[in-house]
Amino acid sequence: MNAKLDQLIADWLDGRLSKTDRQELEQRLRKESEARRRLLHWTALEDSLREQLEAAPVELSPEKTSSISNVQPTAGSRWMWPLSLLALAATFLMALAWLPTTSEIPVVAKEVTIDSGCAVFVESYGVEPLTLASKGELIPPGNLQFDAGMVRLDFLSGVAMTLAGPAEIELISPSEARLIRGKIRVRVSPAGRGFTLHTPGRRVIDLGTEFGLSVDPKEQTSFLHVFDGEVELAEATATSARQRIPQGESRSWNQSAVDRSNISEKEKDPSIFPSEQVLRQAVAQQRSSDLLSWNDSLQQRAAEDERLIALYSFRVNEEHLIENLVGDFGSDGGIVGAKPASGRFTDEGALEFKRPGDRVRVVLQGEYPALTFACWVRLDGLDRRYNALYLTDGYERDGEPHWQIFHDGTLMFSVRSEQEPGVRRNSMHYSKPFFTIDRAGQWFHLAASFEVKTGRILQYVNGERVGDAYVPAKLRPCSIRYGTGEIGNWGLPGNRNFYPVRNLNGRVDEFSFYRTALSGEEIRTLYEEGKPRR
Amino acid sequence: MQEFPPADEPPHGSDSAPPPSDNAAFMRLYLQHESTLRAILRTMLGSWHEVDDVVQETCLVAMRKFDTFQPGSNFVAWIAAIGRFETRRYLRNRATRRWQFAEEVLELIEADASQMQPLAERGDALEQCLQRLPEKSRQLLRDLYIHETPVQTIAQRLNRSIEALYKQSQRLRRDLLDCIERTLHMESAG
């Protein structure tokens, strides 16, 4: 086949056909039946690629080989035994294959330049704008500005900084920043000595201490008070003379000169600087009031929303179970390995999944025309190729859903179908990536909905839609079924399962299952009601 | 001339749903020819996402209209006509118009498609061909077609030019097409 024609067709599919090429391609399509057939072949190839690559990202994984055109025999057939042996071999091969990264495209974790981060956003109270940063987020170099509230930053060099709004600060490196306006209090650990703060006209260099600093941009004046230890004050240029300011003393300066006398009594008051303790207490109060209102909304949802099959709040009860707060269709959750840990609001209320055995076992009864999963998850990393959210025990019956996080930070929803007896099919759908390792330690609200009739899969992170796909008609199950399954892991070792370990590395503090597909707006509301305030 | 659904009729509506046996007959034909229908629609639309949308509507309308299909006549021609109609309706609701093939070219493509072997058969051959591809190449295709990563992003990541990546993806697809032809040829010979 003619190479030029192929190139024209590929360019058209890739959306980069030039004007003159358009004419040429159209001419040939008008005249040559062969060209039209070739165009249809190219087009169908792209469609099949989308389907098959999705169904089988790694041909070695047993779950994935059961793709659409690779129909596997049902359990009990004589092929079952060799298949499981193959699966065993595959597990070892995969382990080998993924030790060094053989892929051309590096995994997400490697792309993140942790080195460029300056400070961790530790906590905040009453901050505006609310979108400033998330707890646990690594803040890169650049300006951080907020109008009200308090913020605590930990610079990576070992410096704790508490800021009171309105404030603006430029983060330069883990050991250097520029205060543009506002009041801060800085506590420097021994390793953080030498931390430098730029202000209009002067630099403040720490010598192992705690101090307060404020900058008024209108007057271009700065005020410094040393609570503990010693601080060096230098002119903006590096070569200039330095002045040591001992414990208990204050200085104020403007662009041109340091003035020791011209400090008002009010300014001398060290209590004008924000305090870590005050922030911590405010945050604790906020948390407990958040917890109360979240508890209310949880109880209300459990009592009123009849679409819920199960709602787990992840509080461990006396029988060492996590209770299902609704109905008769879902069991309580049996805890295996996972340890109680602090949740979104308080020091308890979540379970931590760390080791390969950790999981919560649940049984969900019934058949449903649709589903919604919604959960709060704190991810500490994506250690595995597949990181389990919820998976049914097997993946053999029509309508069994699996929900996981793929190692590239995408949400991955898959569902088994068996429209004709013995013909098993699998379809998988990936969201846009949402997680990179610099977001480790943050709480995410994750949700997915699927409707059998339309085949539509929608996935959400923090109320925002990150995935929208359709399961083709031939891959749709007849209904959704669960049976026994687990949160945070997959597979019972020794039970004919040779699949790679999929344990979650992180925490879960709420997980709900619905019998219908919730709207995007409803999922947004779940997120808004459940997110911790700042 | 093919049967067209009237323009003002809503795409949904369950009161005129055919009996279950018809449904099964429809599904059998539909599954057999879905790939061909999708390829035809792709020549009229700008992306697979749009195809996904229109295929949904087309399938629903076709299912409702299945009693107008003459058993034994050309199913692809019949459902493609519905698909063309749904595509027009879909494009009418869009603010921006994109370049597309001239109407008579689209009709020729549609006519050829209705006479071809079902394109779905090529999917099975593709699977064998994909397995022969190095993992690196499959990963590139996965990035392009599953994760829909922009070529620019991949190029940056791999430190290669955008043009080189387009070329590579074109070459990969052409190799796969050749492999599919060979496989189908061997199968029909054997």
# chains A, B, ... in the order shown; residues from 1 in each chain; ligands from 1

call {"tool": "select_by_dssp", "arguments": {"residues": "range 263-481 of chain A", "states": "strand (DSSP E or B)", "output": "VMD selection string"}}
result
chain A and resid 308 to 316 321 to 324 330 333 to 336 339 to 342 349 to 353 359 to 368 370 to 379 386 to 392 401 to 406 410 to 420 423 to 433 443 to 451 456 to 461 464 to 470 480 to 481

call {"tool": "residues_around", "arguments": {"residues": "range 142-146 of chain B", "least_positions_apart": "5", "cutoff": "9 Å", "atoms": "only C-alpha atoms", "output": "number ranges by chain"}}
result
A: 46-47, 49-51, 53-54, 57, 105, 429-430; B: 137, 151, 154, 169

call {"tool": "residues_around", "arguments": {"residues": "Asp358 in chain A", "least_positions_apart": "2", "cutoff": "6 Å", "atoms": "only C-alpha atoms", "output": "ChimeraX atom specification"}}
result
/A:336-338,353,355-356

call {"tool": "closest_atom_pairs", "arguments": {"of": "chain B", "to": "chain A", "cutoff": "6 Å", "atoms": "only C-alpha atoms", "output": "tab-separated table"}}
result
residue	atom	partner	partner_atom	distance
B:Ala39	CA	A:Ala44	CA	5.4
B:Val105	CA	A:Arg30	CA	5.7
B:Ile109	CA	A:Arg36	CA	5.8
B:Gly123	CA	A:Ser48	CA	5.8
B:Asp124	CA	A:Ser69	CA	5.6
B:Lys136	CA	A:Glu104	CA	5.5
B:Tyr145	CA	A:Arg50	CA	5.5

call {"tool": "residues_around", "arguments": {"residues": "Gly201 in chain A", "least_positions_apart": "4", "cutoff": "7 Å", "atoms": "only C-alpha atoms", "output": "list in words"}}
result
Glu235, Ala236, Asn254, Gln255 and Ser256 of chain A

call {"tool": "residues_around", "arguments": {"residues": "range 508-517 of chain A", "least_positions_apart": "6", "cutoff": "9 Å", "atoms": "only C-alpha atoms", "output": "MDAnalysis selection string"}}
result
chainID A and resid 306:315 342:344 349:353 367:379 443 448:451 458 480 487:488

call {"tool": "write_last_selection", "arguments": {"atoms": "C-alpha atoms", "output": "short mmCIF file (atom, residue, chain, number, x, y, z; two decimals), in the first residue's frame"}}
result
data_model
loop_
_atom_site.label_atom_id
_atom_site.label_comp_id
_atom_site.auth_asym_id
_atom_site.auth_seq_id
_atom_site.Cartn_x
_atom_site.Cartn_y
_atom_site.Cartn_z
CA GLU A 306 -32.12 4.73 50.74
CA ARG A 307 -29.75 4.35 47.84
CA LEU A 308 -26.96 3.30 50.21
CA ILE A 309 -26.05 -0.38 50.31
CA ALA A 310 -23.33 0.13 52.87
CA LEU A 311 -21.71 3.04 54.68
CA TYR A 312 -18.57 2.40 56.71
CA SER A 313 -17.30 5.15 58.98
CA PHE A 314 -14.12 3.22 59.92
CA ARG A 315 -14.59 3.60 63.65
CA SER A 342 -5.83 9.37 62.97
CA GLY A 343 -8.40 10.36 60.40
CA ARG A 344 -9.36 13.55 58.62
CA GLY A 349 -11.47 7.25 63.11
CA ALA A 350 -9.35 5.82 60.30
CA LEU A 351 -7.65 2.55 59.52
CA GLU A 352 -4.12 2.44 58.24
CA PHE A 353 -3.18 -0.02 55.50
CA GLU A 367 -27.85 -7.29 42.26
CA TYR A 368 -28.02 -3.69 41.13
CA PRO A 369 -28.48 -1.70 37.92
CA ALA A 370 -25.74 0.75 38.85
CA LEU A 371 -23.23 1.68 41.51
CA THR A 372 -21.43 4.56 43.15
CA PHE A 373 -18.33 4.17 45.28
CA ALA A 374 -17.29 7.09 47.45
CA CYS A 375 -14.48 7.15 49.98
CA TRP A 376 -12.00 9.30 51.84
CA VAL A 377 -8.47 8.03 51.39
CA ARG A 378 -5.10 9.30 52.49
CA LEU A 379 -2.42 8.02 50.14
CA TRP A 443 -6.72 13.20 52.17
CA ALA A 448 -16.73 6.36 40.84
CA SER A 449 -20.12 5.68 39.32
CA PHE A 450 -21.19 3.13 36.75
CA GLU A 451 -24.53 2.47 35.13
CA LEU A 458 -17.52 8.56 35.79
CA ILE A 480 -23.72 -5.28 39.32
CA ILE A 487 -11.24 -2.71 50.93
CA GLY A 488 -7.56 -1.90 50.63
#

call {"tool": "residues_around", "arguments": {"residues": "Gly117 in chain A", "least_positions_apart": "5", "cutoff": "12 Å", "atoms": "only C-alpha atoms", "output": "list in words"}}
result
Val112, Glu137, Leu138, Ile139, Pro140, Pro141, Gly142, Leu153, Asp154, Phe155, Leu156, Ser157, Leu171, Ile172, Ser173, Pro174, Ser175, Asp438 and Arg439 of chain A

call {"tool": "write_last_selection", "arguments": {"atoms": "N, CA and C atoms", "output": "compact mmCIF listing (two decimals), in the first residue's frame"}}
result
# COMPACT_ATOMS: atom_id res chain seq x y z
N VAL A 112 8.44 13.53 39.52
CA VAL A 112 8.24 14.61 40.47
C VAL A 112 9.58 15.06 41.00
N GLU A 137 1.02 19.37 51.80
CA GLU A 137 1.53 19.66 50.46
C GLU A 137 2.94 20.24 50.52
N LEU A 138 3.73 19.89 49.52
CA LEU A 138 5.08 20.41 49.42
C LEU A 138 5.02 21.69 48.59
N ILE A 139 5.48 22.79 49.16
CA ILE A 139 5.35 24.07 48.46
C ILE A 139 6.64 24.36 47.68
N PRO A 140 6.52 24.56 46.38
CA PRO A 140 7.70 24.84 45.56
C PRO A 140 8.12 26.30 45.71
N PRO A 141 9.27 26.68 45.14
CA PRO A 141 9.67 28.08 45.20
C PRO A 141 8.59 28.96 44.59
N GLY A 142 8.44 30.17 45.12
CA GLY A 142 7.43 31.07 44.58
C GLY A 142 6.72 31.78 45.72
N LEU A 153 4.27 26.68 58.18
CA LEU A 153 5.11 26.04 57.17
C LEU A 153 6.32 25.43 57.85
N ASP A 154 6.73 24.25 57.42
CA ASP A 154 8.01 23.70 57.87
C ASP A 154 8.97 23.68 56.69
N PHE A 155 9.99 24.54 56.77
CA PHE A 155 11.00 24.52 55.70
C PHE A 155 11.81 23.24 55.82
N LEU A 156 12.19 22.70 54.66
CA LEU A 156 12.84 21.39 54.65
C LEU A 156 14.18 21.38 55.38
N SER A 157 14.80 22.56 55.55
CA SER A 157 16.09 22.60 56.24
C SER A 157 15.93 22.44 57.75
N LEU A 171 9.07 32.05 48.78
CA LEU A 171 9.92 30.93 49.14
C LEU A 171 11.02 30.81 48.08
N ILE A 172 12.26 30.88 48.53
CA ILE A 172 13.37 30.85 47.57
C ILE A 172 14.02 29.48 47.54
N SER A 173 14.28 28.93 48.72
CA SER A 173 14.88 27.60 48.82
C SER A 173 14.51 27.06 50.20
N PRO A 174 14.91 25.82 50.52
CA PRO A 174 14.57 25.30 51.85
C PRO A 174 15.20 26.10 52.99
N SER A 175 16.17 26.98 52.67
CA SER A 175 16.81 27.72 53.75
C SER A 175 16.80 29.23 53.50
N ASP A 438 4.37 13.97 45.60
CA ASP A 438 4.39 15.18 46.43
C ASP A 438 3.03 15.45 47.08
N ARG A 439 2.01 14.67 46.71
CA ARG A 439 0.71 14.81 47.37
C ARG A 439 0.51 13.72 48.43

call {"tool": "closest_residue", "arguments": {"among": "B:Gln117, B:Leu172, B:Phe26, B:His185", "to": "Pro71 in chain B", "atoms": "only C-alpha atoms"}}
result
B:Phe26

call {"tool": "closest_residue", "arguments": {"among": "B:Thr149, B:Gln115, B:Ser73, B:Gln56", "to": "Leu41 in chain B", "atoms": "only C-alpha atoms"}}
result
B:Gln56

call {"tool": "residues_around", "arguments": {"residues": "Glu128 in chain A", "least_positions_apart": "6", "cutoff": "10 Å", "atoms": "only C-alpha atoms", "output": "ChimeraX atom specification"}}
result
/A:145-150,165-166,534

call {"tool": "atom_distance", "arguments": {"atom1": "CA of Asp398 in chain A", "atom2": "CA of Gly483 in chain A"}}
result
11.6 Å

call {"tool": "atom_distance", "arguments": {"atom1": "CA of Gln442 in chain A", "atom2": "CA of Gly136 in chain A"}}
result
5.9 Å

call {"tool": "select_by_dssp", "arguments": {"residues": "range 42-183 of chain B", "states": "helix (DSSP H, G or I)", "output": "ChimeraX atom specification"}}
result
/B:42-44,48-64,66-68,75-92,103-115,120-132,135-145,151-158,162-183

call {"tool": "atom_distance", "arguments": {"atom1": "CA of Phe329 in chain A", "atom2": "CA of Ser519 in chain A"}}
result
22.4 Å
